[in-house]
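See structure below.
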Amino acid sequence: MQAIVLSDGKPGHYNQSLGIIQRIPECNYHWVNVHFRSKRRDNFLRVFMRLFGGFKLPHWLIRACLRMAFRQVTIDAIFAIHQANLVLSTGSSVAAPNLLVGQLLNAKTVTCRRPSPVGIAYFDLAILPKMYWPRRDKKNVCKTTGVPNQICPANLNAQCHQLQRDLKLSDQRRVGVLVGGEDRYDTLTEKTAADFIETLTRFAANSDTQILLTTSRRTPIAVENLIAERLSDAQLCPILVLAHRENPLIDPVRTIFALSDLIVVTEDSFSMVCEAASSGKRAIILAVDHKTRRRPRRCRVYPEIMRRASVTWSGVEDLEISLQKALADKTPIEPLQDTQIAAAAVTELLSKQSSV
C-alpha cells in the first residue's frame with residue numbers, strides 16, 4: 001500500500017496522522033508539508049471544495065487549483081508522486097488538498113476530525129472523536145472516543161530501561177506531569193500552579209517519588225518561571241523541560257510517558273489527555289482555572305475516557321489523595337484504544353479497494 005500524508009505542520013494534527021499510518025501494516029507513505037501561498041488562497045480552496053468536492057473534477061482543473069494555492073515546494077512534492085492508495089490528513093487547511101489529490105491519483109481519502117468548512121461528506125472515511133460524532137450514523141464515519149496519537153504502550157515499555165540508563169535515573173517511582181495552559185476556556189494561574197507544585201513536591205518527598213515535568217507552548221511565562229524555581233532540584237525533578245527554554249530532549253512527552261509510573265495532565269489539552277490515556281499508564285486529569293462558565297466539548301468526552309481507560313479526575317485540593325490511590329491501585333491498566341480502532345478502519349477501507 002502507498003499512502004500520502006498531508007501535514008499542516010501542527011504537532012497536535014500530524015501526531016494523529018502519524019499514529020494511524022504507523023499502525024497500518026505494509027504501508028509505505030510520502031510525507032508532504034503543505035505550504036499555502038497565502039491565507040486567502042487557503043480559504044478560497046476550502047470554499048471551492050465545499051461547493052464542488054462532490055463532483056468529479058478534470059485533472060487539469062485540479063492541477064490548476066493546486067498551483068494556484070500552494071508554494072512551489074509543495075507543488076513539486078505532490079506532483080512527484082504518481083501512485084497512491086490513500087491520502088490521509090488532519091486539520092481543516094489540508095482537507096481540501098486531500099480531496100483534490102485523492103481525485104488526481106484515484107486514491108481513498110481519509111480525514112481526522114471534522115474539517116471546516118469542507119465537512120466530511122466527500123471523504124471516503126472520517127475519523128471523529130466523540131465530541132464531533134454526527135447525530136445520525138454515517139457509513140463513512142469511524143467513531144473514536146478521543147483522538148488517535150503515536151503513543152504505543154509496548155514501545156514505551158521497551159524504551160523505559162534504556163532511557164533510565166541513558167539518563168542515569170534511580171529506581172525510584174516517578175510521576176510524569178504534562179502542564180498545558182491558556183486557551184479560550186481555561187487558564188493556569190500562578191496561585192493554582194503554586195498550590196499544584198507544592199502538593200507534588202510534598203507528595204514526592206513523603207513517598208520517595210521523583211517528578212518528571214514538561215510544559216507546553218501555551219503555558220504562561222509566569223507559571224513556567226515559577227515551575228523552574230520550585231523544581232530546580234535535579235534529585236527531586238530529574239527531567240524538567242520548559243517549552244519556552246532550551247530543550248535537551250528530542251521527544252520529552254514520549255520520554256516522560258516511558259519512564260513514569262503515573263501521569264498527571266492538565267484538563268486544557270484534549271490531545272495530551274488522549275495520549276496519557278493511551279500510554280498504558282494510570283493517568284489523572286487535573287482541573288485548572290476556568291475563564292468562563294461555558295465548558296468546551298472536550299469536557300463532555302472526559303467521563304467516557306475515564307470509563308474506558310485507567311484515568312481519573314482530580315482537583316488541586318485533592319491531588320495528593322488521588323496520587324496515593326492511583327499508585328496503590330493494582331488492578332489491570334486499560335489503555336485507550338482509539339488509534340488501533342482508527343487504523344483498523346483505514347485498513348478495512350483499503351482492503352475493500354484492493355478487492356474491487
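So you can find residues: chains in the C-alpha cells are A, B, ... in the order shown, residues in each start at 1, and ligands are numbered from 1 in order.
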
Q. Can you tell me, as a VMD selection string, what residues are no more than 10 Å from Tyr132 of chain A when counting only C-alpha atoms, ignoring any on the same chain fewer than 6 positions away?
A. chain A and resid 113 to 114 143 to 145 297 to 298

Keeping C-alpha atoms for every residue in the selection just given, could you write it to a file as a PDB file, in the first residue's frame?
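again_35.pdb, freshly written:
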```pdb
ATOM      1  CA  ARG A 113     -11.694  15.285  12.902  1.00  0.00           C
ATOM      2  CA  ARG A 114     -14.281  17.369  11.080  1.00  0.00           C
ATOM      3  CA  LYS A 143     -16.150   6.763  15.793  1.00  0.00           C
ATOM      4  CA  THR A 144     -13.405   7.066  18.403  1.00  0.00           C
ATOM      5  CA  THR A 145     -13.645   8.342  21.970  1.00  0.00           C
ATOM      6  CA  ARG A 297     -16.837  19.982  24.059  1.00  0.00           C
ATOM      7  CA  ARG A 298     -13.861  18.041  25.386  1.00  0.00           C
TER       8      ARG A 298
END
```

Q: Identify, with DSSP run on backbone atoms, the residues in segment 37-244 of chain A assigned to alpha helix (DSSP H), and express the list as a VMD selection string.
A: chain A and resid 39 to 52 59 to 69 72 to 79 95 to 105 153 to 166 190 to 207 221 to 230

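Interatomic distance, atom CA of Ser170 of chain A to atom CA of Leu236 of chain A: 10.9 Å.
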
Q: Could you give me, as a PyMOL selection string, the residues within 10 Å of segment 13-27 of chain A, counting only C-alpha atoms and dropping anything in the same chain fewer than 3 positions from it?
A: chain A and resi 1-10+31+33+85-86+88-92+110-113+147-152+271+338-347+350

Quick check for you: according to DSSP on this backbone, which residues of segment 33-244 of chain A are classed as strand (DSSP E)? Reply as a PDB file with N, CA and C atoms, in the first residue's frame.
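In the end it all went to part.pdb:
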```
ATOM      1  N   ASN A  33       4.554  18.309   3.549  1.00  0.00           N
ATOM      2  CA  ASN A  33       4.209  19.503   4.317  1.00  0.00           C
ATOM      3  C   ASN A  33       3.547  20.513   3.386  1.00  0.00           C
ATOM      4  N   LEU A  86      -4.025   5.852  -0.782  1.00  0.00           N
ATOM      5  CA  LEU A  86      -4.641   6.555   0.343  1.00  0.00           C
ATOM      6  C   LEU A  86      -4.051   7.951   0.484  1.00  0.00           C
ATOM      7  N   VAL A  87      -4.913   8.918   0.769  1.00  0.00           N
ATOM      8  CA  VAL A  87      -4.476  10.257   1.170  1.00  0.00           C
ATOM      9  C   VAL A  87      -5.054  10.511   2.554  1.00  0.00           C
ATOM     10  N   LEU A  88      -4.194  10.818   3.520  1.00  0.00           N
ATOM     11  CA  LEU A  88      -4.594  10.999   4.918  1.00  0.00           C
ATOM     12  C   LEU A  88      -4.204  12.393   5.384  1.00  0.00           C
ATOM     13  N   SER A  89      -5.091  13.055   6.111  1.00  0.00           N
ATOM     14  CA  SER A  89      -4.767  14.388   6.649  1.00  0.00           C
ATOM     15  C   SER A  89      -5.544  14.628   7.926  1.00  0.00           C
ATOM     16  N   THR A  90      -5.047  15.559   8.716  1.00  0.00           N
ATOM     17  CA  THR A  90      -5.725  16.003   9.939  1.00  0.00           C
ATOM     18  C   THR A  90      -5.696  17.526   9.954  1.00  0.00           C
ATOM     19  N   LYS A 108      -8.140   6.636  -2.062  1.00  0.00           N
ATOM     20  CA  LYS A 108      -9.106   6.826  -0.994  1.00  0.00           C
ATOM     21  C   LYS A 108      -8.690   8.018  -0.138  1.00  0.00           C
ATOM     22  N   THR A 109      -9.673   8.783   0.347  1.00  0.00           N
ATOM     23  CA  THR A 109      -9.395   9.985   1.145  1.00  0.00           C
ATOM     24  C   THR A 109      -9.874   9.780   2.573  1.00  0.00           C
ATOM     25  N   VAL A 110      -9.013  10.111   3.532  1.00  0.00           N
ATOM     26  CA  VAL A 110      -9.322   9.937   4.953  1.00  0.00           C
ATOM     27  C   VAL A 110      -8.963  11.213   5.690  1.00  0.00           C
ATOM     28  N   THR A 111      -9.885  11.698   6.508  1.00  0.00           N
ATOM     29  CA  THR A 111      -9.627  12.871   7.341  1.00  0.00           C
ATOM     30  C   THR A 111      -9.837  12.526   8.808  1.00  0.00           C
ATOM     31  N   CYS A 112      -9.020  13.118   9.662  1.00  0.00           N
ATOM     32  CA  CYS A 112      -9.216  13.006  11.111  1.00  0.00           C
ATOM     33  C   CYS A 112      -9.868  14.298  11.601  1.00  0.00           C
ATOM     34  N   LEU A 125     -13.548   8.240   4.278  1.00  0.00           N
ATOM     35  CA  LEU A 125     -13.593   7.903   5.701  1.00  0.00           C
ATOM     36  C   LEU A 125     -13.254   9.132   6.521  1.00  0.00           C
ATOM     37  N   ALA A 126     -14.038   9.357   7.577  1.00  0.00           N
ATOM     38  CA  ALA A 126     -13.761  10.434   8.531  1.00  0.00           C
ATOM     39  C   ALA A 126     -13.626   9.813   9.920  1.00  0.00           C
ATOM     40  N   ILE A 127     -12.501  10.040  10.568  1.00  0.00           N
ATOM     41  CA  ILE A 127     -12.245   9.505  11.907  1.00  0.00           C
ATOM     42  C   ILE A 127     -12.571  10.608  12.908  1.00  0.00           C
ATOM     43  N   LEU A 128     -13.631  10.430  13.669  1.00  0.00           N
ATOM     44  CA  LEU A 128     -14.161  11.500  14.512  1.00  0.00           C
ATOM     45  C   LEU A 128     -14.165  11.123  15.978  1.00  0.00           C
ATOM     46  N   PRO A 129     -13.561  11.969  16.846  1.00  0.00           N
ATOM     47  CA  PRO A 129     -13.701  11.763  18.284  1.00  0.00           C
ATOM     48  C   PRO A 129     -15.132  12.053  18.720  1.00  0.00           C
ATOM     49  N   VAL A 141     -18.051   7.189   8.556  1.00  0.00           N
ATOM     50  CA  VAL A 141     -17.530   7.699   9.833  1.00  0.00           C
ATOM     51  C   VAL A 141     -17.018   6.557  10.704  1.00  0.00           C
ATOM     52  N   CYS A 142     -15.793   6.715  11.191  1.00  0.00           N
ATOM     53  CA  CYS A 142     -15.232   5.837  12.219  1.00  0.00           C
ATOM     54  C   CYS A 142     -15.256   6.600  13.538  1.00  0.00           C
ATOM     55  N   LYS A 143     -15.989   6.078  14.516  1.00  0.00           N
ATOM     56  CA  LYS A 143     -16.150   6.763  15.793  1.00  0.00           C
ATOM     57  C   LYS A 143     -15.065   6.335  16.781  1.00  0.00           C
ATOM     58  N   THR A 144     -14.344   7.312  17.312  1.00  0.00           N
ATOM     59  CA  THR A 144     -13.405   7.066  18.403  1.00  0.00           C
ATOM     60  C   THR A 144     -13.806   7.918  19.600  1.00  0.00           C
ATOM     61  N   ARG A 173      10.129   5.487  42.193  1.00  0.00           N
ATOM     62  CA  ARG A 173       8.905   5.681  41.416  1.00  0.00           C
ATOM     63  C   ARG A 173       8.911   7.088  40.829  1.00  0.00           C
ATOM     64  N   ARG A 174       8.207   7.248  39.699  1.00  0.00           N
ATOM     65  CA  ARG A 174       8.206   8.542  39.019  1.00  0.00           C
ATOM     66  C   ARG A 174       6.785   8.922  38.596  1.00  0.00           C
ATOM     67  N   VAL A 175       6.455  10.189  38.821  1.00  0.00           N
ATOM     68  CA  VAL A 175       5.181  10.753  38.372  1.00  0.00           C
ATOM     69  C   VAL A 175       5.481  11.716  37.228  1.00  0.00           C
ATOM     70  N   GLY A 176       4.921  11.439  36.065  1.00  0.00           N
ATOM     71  CA  GLY A 176       5.075  12.330  34.921  1.00  0.00           C
ATOM     72  C   GLY A 176       3.990  13.386  34.923  1.00  0.00           C
ATOM     73  N   VAL A 177       4.369  14.624  34.612  1.00  0.00           N
ATOM     74  CA  VAL A 177       3.421  15.740  34.664  1.00  0.00           C
ATOM     75  C   VAL A 177       3.472  16.516  33.357  1.00  0.00           C
ATOM     76  N   LEU A 178       2.323  16.663  32.712  1.00  0.00           N
ATOM     77  CA  LEU A 178       2.200  17.442  31.473  1.00  0.00           C
ATOM     78  C   LEU A 178       1.353  18.673  31.778  1.00  0.00           C
ATOM     79  N   VAL A 179       1.974  19.839  31.709  1.00  0.00           N
ATOM     80  CA  VAL A 179       1.306  21.089  32.057  1.00  0.00           C
ATOM     81  C   VAL A 179       0.945  21.853  30.789  1.00  0.00           C
ATOM     82  N   ASP A 186      -9.917  27.926  29.511  1.00  0.00           N
ATOM     83  CA  ASP A 186      -9.176  27.620  30.732  1.00  0.00           C
ATOM     84  C   ASP A 186      -7.879  28.414  30.805  1.00  0.00           C
ATOM     85  N   THR A 187      -7.363  28.480  32.015  1.00  0.00           N
ATOM     86  CA  THR A 187      -6.052  29.075  32.233  1.00  0.00           C
ATOM     87  C   THR A 187      -5.430  28.416  33.454  1.00  0.00           C
ATOM     88  N   THR A 209       9.375   9.602  45.705  1.00  0.00           N
ATOM     89  CA  THR A 209       8.965   9.607  44.305  1.00  0.00           C
ATOM     90  C   THR A 209       9.592  10.800  43.585  1.00  0.00           C
ATOM     91  N   GLN A 210       9.985  10.603  42.344  1.00  0.00           N
ATOM     92  CA  GLN A 210      10.526  11.693  41.550  1.00  0.00           C
ATOM     93  C   GLN A 210       9.464  12.274  40.623  1.00  0.00           C
ATOM     94  N   ILE A 211       9.693  13.508  40.190  1.00  0.00           N
ATOM     95  CA  ILE A 211       8.780  14.209  39.293  1.00  0.00           C
ATOM     96  C   ILE A 211       9.466  14.424  37.945  1.00  0.00           C
ATOM     97  N   LEU A 212       8.772  14.096  36.873  1.00  0.00           N
ATOM     98  CA  LEU A 212       9.241  14.376  35.513  1.00  0.00           C
ATOM     99  C   LEU A 212       8.202  15.295  34.883  1.00  0.00           C
ATOM    100  N   LEU A 213       8.612  16.505  34.491  1.00  0.00           N
ATOM    101  CA  LEU A 213       7.612  17.501  34.092  1.00  0.00           C
ATOM    102  C   LEU A 213       7.994  18.208  32.795  1.00  0.00           C
ATOM    103  N   THR A 214       6.977  18.465  31.977  1.00  0.00           N
ATOM    104  CA  THR A 214       7.159  19.297  30.794  1.00  0.00           C
ATOM    105  C   THR A 214       5.990  20.269  30.680  1.00  0.00           C
ATOM    106  N   THR A 215       6.272  21.472  30.219  1.00  0.00           N
ATOM    107  CA  THR A 215       5.231  22.462  29.959  1.00  0.00           C
ATOM    108  C   THR A 215       4.941  22.479  28.459  1.00  0.00           C
ATOM    109  N   ILE A 239      13.924  15.346  35.251  1.00  0.00           N
ATOM    110  CA  ILE A 239      13.562  15.803  33.909  1.00  0.00           C
ATOM    111  C   ILE A 239      12.605  16.979  34.041  1.00  0.00           C
ATOM    112  N   LEU A 240      13.072  18.158  33.634  1.00  0.00           N
ATOM    113  CA  LEU A 240      12.256  19.366  33.651  1.00  0.00           C
ATOM    114  C   LEU A 240      12.447  20.061  32.304  1.00  0.00           C
ATOM    115  N   VAL A 241      11.433  19.944  31.451  1.00  0.00           N
ATOM    116  CA  VAL A 241      11.503  20.513  30.106  1.00  0.00           C
ATOM    117  C   VAL A 241      10.520  21.672  30.026  1.00  0.00           C
TER     118      VAL A 241
END
```

Q.
Just want the 12 Å neighbourhood of Asn206 of chain A, counted on only C-alpha atoms, with same-chain residues fewer than 4 positions away dropped. Output as a ChimeraX atom specification.
A. /A:199-202,210,236,320,323-324

Store the residues picked out above, limited to N, CA and C atoms, as a PDB file, in the first residue's frame.
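Result written to again30.pdb:
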```pdb
ATOM      1  N   THR A 199       1.910  20.687  46.275  1.00  0.00           N
ATOM      2  CA  THR A 199       1.334  19.366  46.536  1.00  0.00           C
ATOM      3  C   THR A 199       2.209  18.267  45.943  1.00  0.00           C
ATOM      4  N   LEU A 200       2.674  18.479  44.718  1.00  0.00           N
ATOM      5  CA  LEU A 200       3.541  17.496  44.072  1.00  0.00           C
ATOM      6  C   LEU A 200       4.832  17.265  44.850  1.00  0.00           C
ATOM      7  N   THR A 201       5.481  18.355  45.230  1.00  0.00           N
ATOM      8  CA  THR A 201       6.768  18.225  45.935  1.00  0.00           C
ATOM      9  C   THR A 201       6.585  17.588  47.310  1.00  0.00           C
ATOM     10  N   ARG A 202       5.507  17.926  47.984  1.00  0.00           N
ATOM     11  CA  ARG A 202       5.237  17.319  49.305  1.00  0.00           C
ATOM     12  C   ARG A 202       4.994  15.818  49.151  1.00  0.00           C
ATOM     13  N   GLN A 210       9.985  10.603  42.344  1.00  0.00           N
ATOM     14  CA  GLN A 210      10.526  11.693  41.550  1.00  0.00           C
ATOM     15  C   GLN A 210       9.464  12.274  40.623  1.00  0.00           C
ATOM     16  N   LEU A 236      14.972  15.750  42.936  1.00  0.00           N
ATOM     17  CA  LEU A 236      13.514  15.726  43.013  1.00  0.00           C
ATOM     18  C   LEU A 236      12.887  15.648  41.631  1.00  0.00           C
ATOM     19  N   GLU A 320      -3.177  15.095  46.210  1.00  0.00           N
ATOM     20  CA  GLU A 320      -2.304  14.194  46.961  1.00  0.00           C
ATOM     21  C   GLU A 320      -2.983  12.855  47.225  1.00  0.00           C
ATOM     22  N   LEU A 323      -3.128  10.902  43.941  1.00  0.00           N
ATOM     23  CA  LEU A 323      -1.834  10.301  43.623  1.00  0.00           C
ATOM     24  C   LEU A 323      -1.613   9.023  44.430  1.00  0.00           C
ATOM     25  N   GLN A 324      -1.925   9.077  45.712  1.00  0.00           N
ATOM     26  CA  GLN A 324      -1.753   7.900  46.574  1.00  0.00           C
ATOM     27  C   GLN A 324      -2.615   6.741  46.094  1.00  0.00           C
TER      28      GLN A 324
END
```

**Q.** A:Ala107, A:Leu51, A:Ala328, A:Ala258 ranked by distance to Gln159 of chain A, top pick (using only C-alpha atoms)
**A.**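 The closest residue to Gln159 of chain A is A:Ala258.
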
Q.
Applying 9 Å and only C-alpha atoms, which residues near Leu57 of chain A remain after dropping the ones on its own chain fewer than 6 positions away? List them as an MDAnalysis selection string.
A. chainID A and resid 100 103:104

Q. Near Ser310 of chain A, within 10 Å and counting only C-alpha atoms, which residues show up once chain neighbours fewer than 6 positions away are dropped, as an NGL selection string?
A. :A and (276-284 or 326 or 331-336)
